[in-house]
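Below is one structure, written out as structure tokens; comments come after it.
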Amino acid sequence: MKNIDFSKLARPNIRSLKPYEAKEIPCKVKLDANESPYCIDTAPDKKILQRLNRYPDPEAKELKKTSSKNLKIKPDNILMGNGSDELIYYLITTFGGPVLYPVPTFSMYGIISQALGEKNIGIPLNKDFDLDIDKMLAAIKKYNPKLIFLSSPNNPTGNCFSAESILKIIEASKGIVVVDEAYQPFSSEKGFLPLLKDYKNLAILRTLSKTGFASLRVGFLIADEGLINEVNKVRLPFNLNSVSQSMALEAFKNKDVIESQIKNITSERERLFEELSKINNVSPYPSEANFILFKTKNANAVYQRLIKQGVLVRNIGSVIKDSLRVTIGTPEENELFLKALKKSVGGKNEKG
């Protein structure tokens with residue numbers, strides 16, 4: 001049989017691309033993927049299950065109508081996606097590059113840009129993990145990016161970017177500024193939805209993945225109708241399956257339950273931050289998301305020790321030195337994490 005080097009057949013921009021890694025490591029306590037520790041005890045409409053032989057509603061009309069009421073915007077300003085990832089892919093496919101974003105941030109902005117052969121530019125955040133506005137504005141002037149992605153609250157740092165800086169970027173850009181609000185439900189900030197009417201080049205991403213429905217892969221692109229119409233041209237047909245559409249409708253019906261769960265998560269986040277602050281060799285960063293970034297000595301070793309104790313967090317050392325990220329779990333999961341972390345960091349457990 002003839003040997004084939006498929007890497008040589010791949011396009012040059014693909015050969016050097018590193019895929020997004022979502023490792024599945026079996027652990028009793030899973031706090032690595034920014035998922036909600038809670039779920040809604042409900043099932044999809046039986047009528048949906050009886051129609052699995054049929055294609056789903058191609059435009060997700062009922063879900064779009066329901067979500068528009070909740071978001072208080074018109075249905076024509078929404079495009080549904082198979083998670084935010086698909087919508088990011090569509091945006092870059094539609095408008096191309098250059099693509100500009102701060103770093104560190106959600107890695108898919110860079111991965112998708114490179115996969116599509118578009119120039120991508122990462123501008124380092126300042127020492128406070130906020131936007132370096134002078135460098136961002138200089139990059140806008142130099143590269144004239146078609147798309148700028150700003151994740152606020154940002155992953156993996158957990159903080160919201162300065163609203164003033166974001167507005168300066170929107171006003172300076174001749175392209176589209178996408179504010180990714182995946183973690184906005186956990187934030188004290190109101191987000192940028194109210195500003196859509198004032199800025200035509202503003203687009204917003206939302207998702208159900210962080211609030212208890214990660215497996216559904218339901219994302220929302222919210223923007224000017226003209227932008228939505230252009231992006232819709234590249235949307236794959238039937239991109240959101242019937243079960244996901246049905247369960248997403250259930251999510252909106254259980255809005256009060258979900259909001260209560262979010263309050264539990266944010267309350268646990270504050271408690272966990274205080275407890276982490278007491279541990280020797282551990283320095284947590286304030287968070288507006290459903291996770292906490294923290295620094296620790298010998299982070300790689302601490303990460304492995306936690307796994308041995310059945311606790312999985314995310315190792316962020318490749319982008320922020322000696323750093324780990326822990327998702328906020330249930331109170332019981334958080335206690336197991338704290339107990340395991342104290343054993344893993346070495347030295348005295350409590351700061352003097």
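Simple scheme: letters A, B, ... for chains in structure tokens order, numbers from 1 for residues in each chain, numbers from 1 for ligands in the order shown.
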Task: DSSP-assigned strand (DSSP E) members of region 151-349 of chain A, reported as an MDAnalysis selection string - done: chainID A and resid 151 176:180 202:207 218:222 282:284 291:296 311:312 314:315 323:327
Task: Contact residues around Ser113 (chain A) with only C-alpha atoms at 12 Å, ignoring same-chain residues under 6 positions, as a PyMOL selection string - done: chain A and resi 13-14+17+85+88-101+107+119-122+146-149
Please dump the current selection as a PDB file, in the first residue's frame; keep C-alpha atoms.
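The new file result.pdb reads:
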```pdb
ATOM      1  CA  ASN A  13      -1.710  27.264   7.195  1.00  0.00           C
ATOM      2  CA  ILE A  14      -3.114  23.929   8.455  1.00  0.00           C
ATOM      3  CA  LEU A  17      -2.028  24.637  13.280  1.00  0.00           C
ATOM      4  CA  ASP A  85     -17.594  28.326  17.970  1.00  0.00           C
ATOM      5  CA  ILE A  88     -17.101  32.633  15.202  1.00  0.00           C
ATOM      6  CA  TYR A  89     -16.285  30.401  12.222  1.00  0.00           C
ATOM      7  CA  TYR A  90     -19.118  31.960  10.201  1.00  0.00           C
ATOM      8  CA  LEU A  91     -18.065  35.512  11.070  1.00  0.00           C
ATOM      9  CA  ILE A  92     -14.491  34.939   9.901  1.00  0.00           C
ATOM     10  CA  THR A  93     -15.691  33.039   6.827  1.00  0.00           C
ATOM     11  CA  THR A  94     -18.016  35.914   5.922  1.00  0.00           C
ATOM     12  CA  PHE A  95     -15.815  38.925   6.561  1.00  0.00           C
ATOM     13  CA  GLY A  96     -12.281  37.527   6.489  1.00  0.00           C
ATOM     14  CA  GLY A  97      -9.277  39.099   8.135  1.00  0.00           C
ATOM     15  CA  PRO A  98      -7.160  40.515   9.499  1.00  0.00           C
ATOM     16  CA  VAL A  99      -8.605  39.306  12.815  1.00  0.00           C
ATOM     17  CA  LEU A 100      -7.519  41.143  15.967  1.00  0.00           C
ATOM     18  CA  TYR A 101      -7.903  40.061  19.601  1.00  0.00           C
ATOM     19  CA  SER A 107      -8.117  30.295  21.707  1.00  0.00           C
ATOM     20  CA  LYS A 119      -4.098  36.885   9.263  1.00  0.00           C
ATOM     21  CA  ASN A 120      -4.596  36.938  13.040  1.00  0.00           C
ATOM     22  CA  ILE A 121      -3.037  39.428  15.417  1.00  0.00           C
ATOM     23  CA  GLY A 122      -2.859  38.975  19.187  1.00  0.00           C
ATOM     24  CA  LYS A 146     -12.155  43.273   9.542  1.00  0.00           C
ATOM     25  CA  LEU A 147     -12.980  41.616  12.864  1.00  0.00           C
ATOM     26  CA  ILE A 148     -12.010  42.324  16.478  1.00  0.00           C
ATOM     27  CA  PHE A 149     -12.944  39.764  19.154  1.00  0.00           C
TER      28      PHE A 149
END
```
Open item on the list: Using only C-alpha atoms, can you tell me which of A:Leu87, A:Ile170, A:Leu236, A:Ile133 comes closest to Ile222 (chain A)?
Closed with: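 Counting only C-alpha atoms, the residue closest to Ile222 (chain A) is A:Leu87.
The nearest approach to Leu202 (chain A) among the residues A:Gly110, A:Pro185, A:Gly175, A:Gly219, with only C-alpha atoms taken into account, belongs to A:Gly175.
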TODO: Select, from A:Met108, A:Ala115, A:Leu312, A:Ile292, the residue with the minimum atom-to-atom distance to Ala10 (chain A), counting only C-alpha atoms.
DONE: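 Using only C-alpha atoms, Ala10 (chain A) sits closest to A:Ala115.
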Task: Shell of 7 Å around Thr207 (chain A), only C-alpha atoms, local chain residues under 4 positions omitted, as JSON, numbers by chain - done: {"A": [83, 84, 182, 218, 219, 220]}
Got time to write the residues from that selection, all heavy atoms, as a PDB file, in the first residue's frame?
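For reference, result_25.pdb as written:
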```
ATOM      1  N   GLY A  83     -23.320  26.273  18.991  1.00  0.00           N
ATOM      2  CA  GLY A  83     -22.335  26.838  19.896  1.00  0.00           C
ATOM      3  C   GLY A  83     -21.766  28.126  19.331  1.00  0.00           C
ATOM      4  O   GLY A  83     -21.904  28.429  18.146  1.00  0.00           O
ATOM      5  N   SER A  84     -21.093  28.903  20.186  1.00  0.00           N
ATOM      6  CA  SER A  84     -20.458  30.134  19.720  1.00  0.00           C
ATOM      7  C   SER A  84     -19.342  29.848  18.732  1.00  0.00           C
ATOM      8  O   SER A  84     -19.056  30.659  17.852  1.00  0.00           O
ATOM      9  CB  SER A  84     -19.899  30.924  20.913  1.00  0.00           C
ATOM     10  OG  SER A  84     -20.937  31.371  21.750  1.00  0.00           O
ATOM     11  N   ALA A 182     -19.959  35.186  26.656  1.00  0.00           N
ATOM     12  CA  ALA A 182     -20.267  33.824  27.102  1.00  0.00           C
ATOM     13  C   ALA A 182     -20.455  33.754  28.617  1.00  0.00           C
ATOM     14  O   ALA A 182     -21.286  32.987  29.115  1.00  0.00           O
ATOM     15  CB  ALA A 182     -19.156  32.872  26.661  1.00  0.00           C
ATOM     16  N   VAL A 218     -25.669  25.462  21.912  1.00  0.00           N
ATOM     17  CA  VAL A 218     -26.566  26.516  21.414  1.00  0.00           C
ATOM     18  C   VAL A 218     -25.929  27.874  21.653  1.00  0.00           C
ATOM     19  O   VAL A 218     -25.685  28.272  22.794  1.00  0.00           O
ATOM     20  CB  VAL A 218     -27.945  26.446  22.100  1.00  0.00           C
ATOM     21  CG1 VAL A 218     -28.821  27.613  21.647  1.00  0.00           C
ATOM     22  CG2 VAL A 218     -28.634  25.127  21.786  1.00  0.00           C
ATOM     23  N   GLY A 219     -25.643  28.577  20.552  1.00  0.00           N
ATOM     24  CA  GLY A 219     -25.055  29.904  20.639  1.00  0.00           C
ATOM     25  C   GLY A 219     -25.905  30.921  19.906  1.00  0.00           C
ATOM     26  O   GLY A 219     -26.721  30.573  19.043  1.00  0.00           O
ATOM     27  N   PHE A 220     -25.718  32.198  20.252  1.00  0.00           N
ATOM     28  CA  PHE A 220     -26.496  33.290  19.663  1.00  0.00           C
ATOM     29  C   PHE A 220     -25.548  34.368  19.155  1.00  0.00           C
ATOM     30  O   PHE A 220     -24.694  34.841  19.904  1.00  0.00           O
ATOM     31  CB  PHE A 220     -27.427  33.923  20.698  1.00  0.00           C
ATOM     32  CG  PHE A 220     -28.304  32.959  21.433  1.00  0.00           C
ATOM     33  CD1 PHE A 220     -27.832  32.262  22.541  1.00  0.00           C
ATOM     34  CD2 PHE A 220     -29.618  32.749  21.027  1.00  0.00           C
ATOM     35  CE1 PHE A 220     -28.647  31.376  23.226  1.00  0.00           C
ATOM     36  CE2 PHE A 220     -30.432  31.866  21.709  1.00  0.00           C
ATOM     37  CZ  PHE A 220     -29.955  31.172  22.807  1.00  0.00           C
TER      38      PHE A 220
END
```
Task: Pick from A:Glu164, A:Asp41, A:Glu225, A:Glu118 nearest to Glu250 (chain A), counting only C-alpha atoms - done: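 Ranking A:Glu164, A:Asp41, A:Glu225, A:Glu118 by distance to Glu250 (chain A), first place goes to A:Asp41.
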Open item on the list: DSSP on the backbone: which residues in region 47-249 of chain A end up as helix (DSSP H, G or I)? Give the answer as a ChimeraX atom specification.
Closed with: /A:47-49,61-71,75-77,83-95,108-115,133-143,163-172,184-186,193-195,209-211,214-216,225-232,242-249
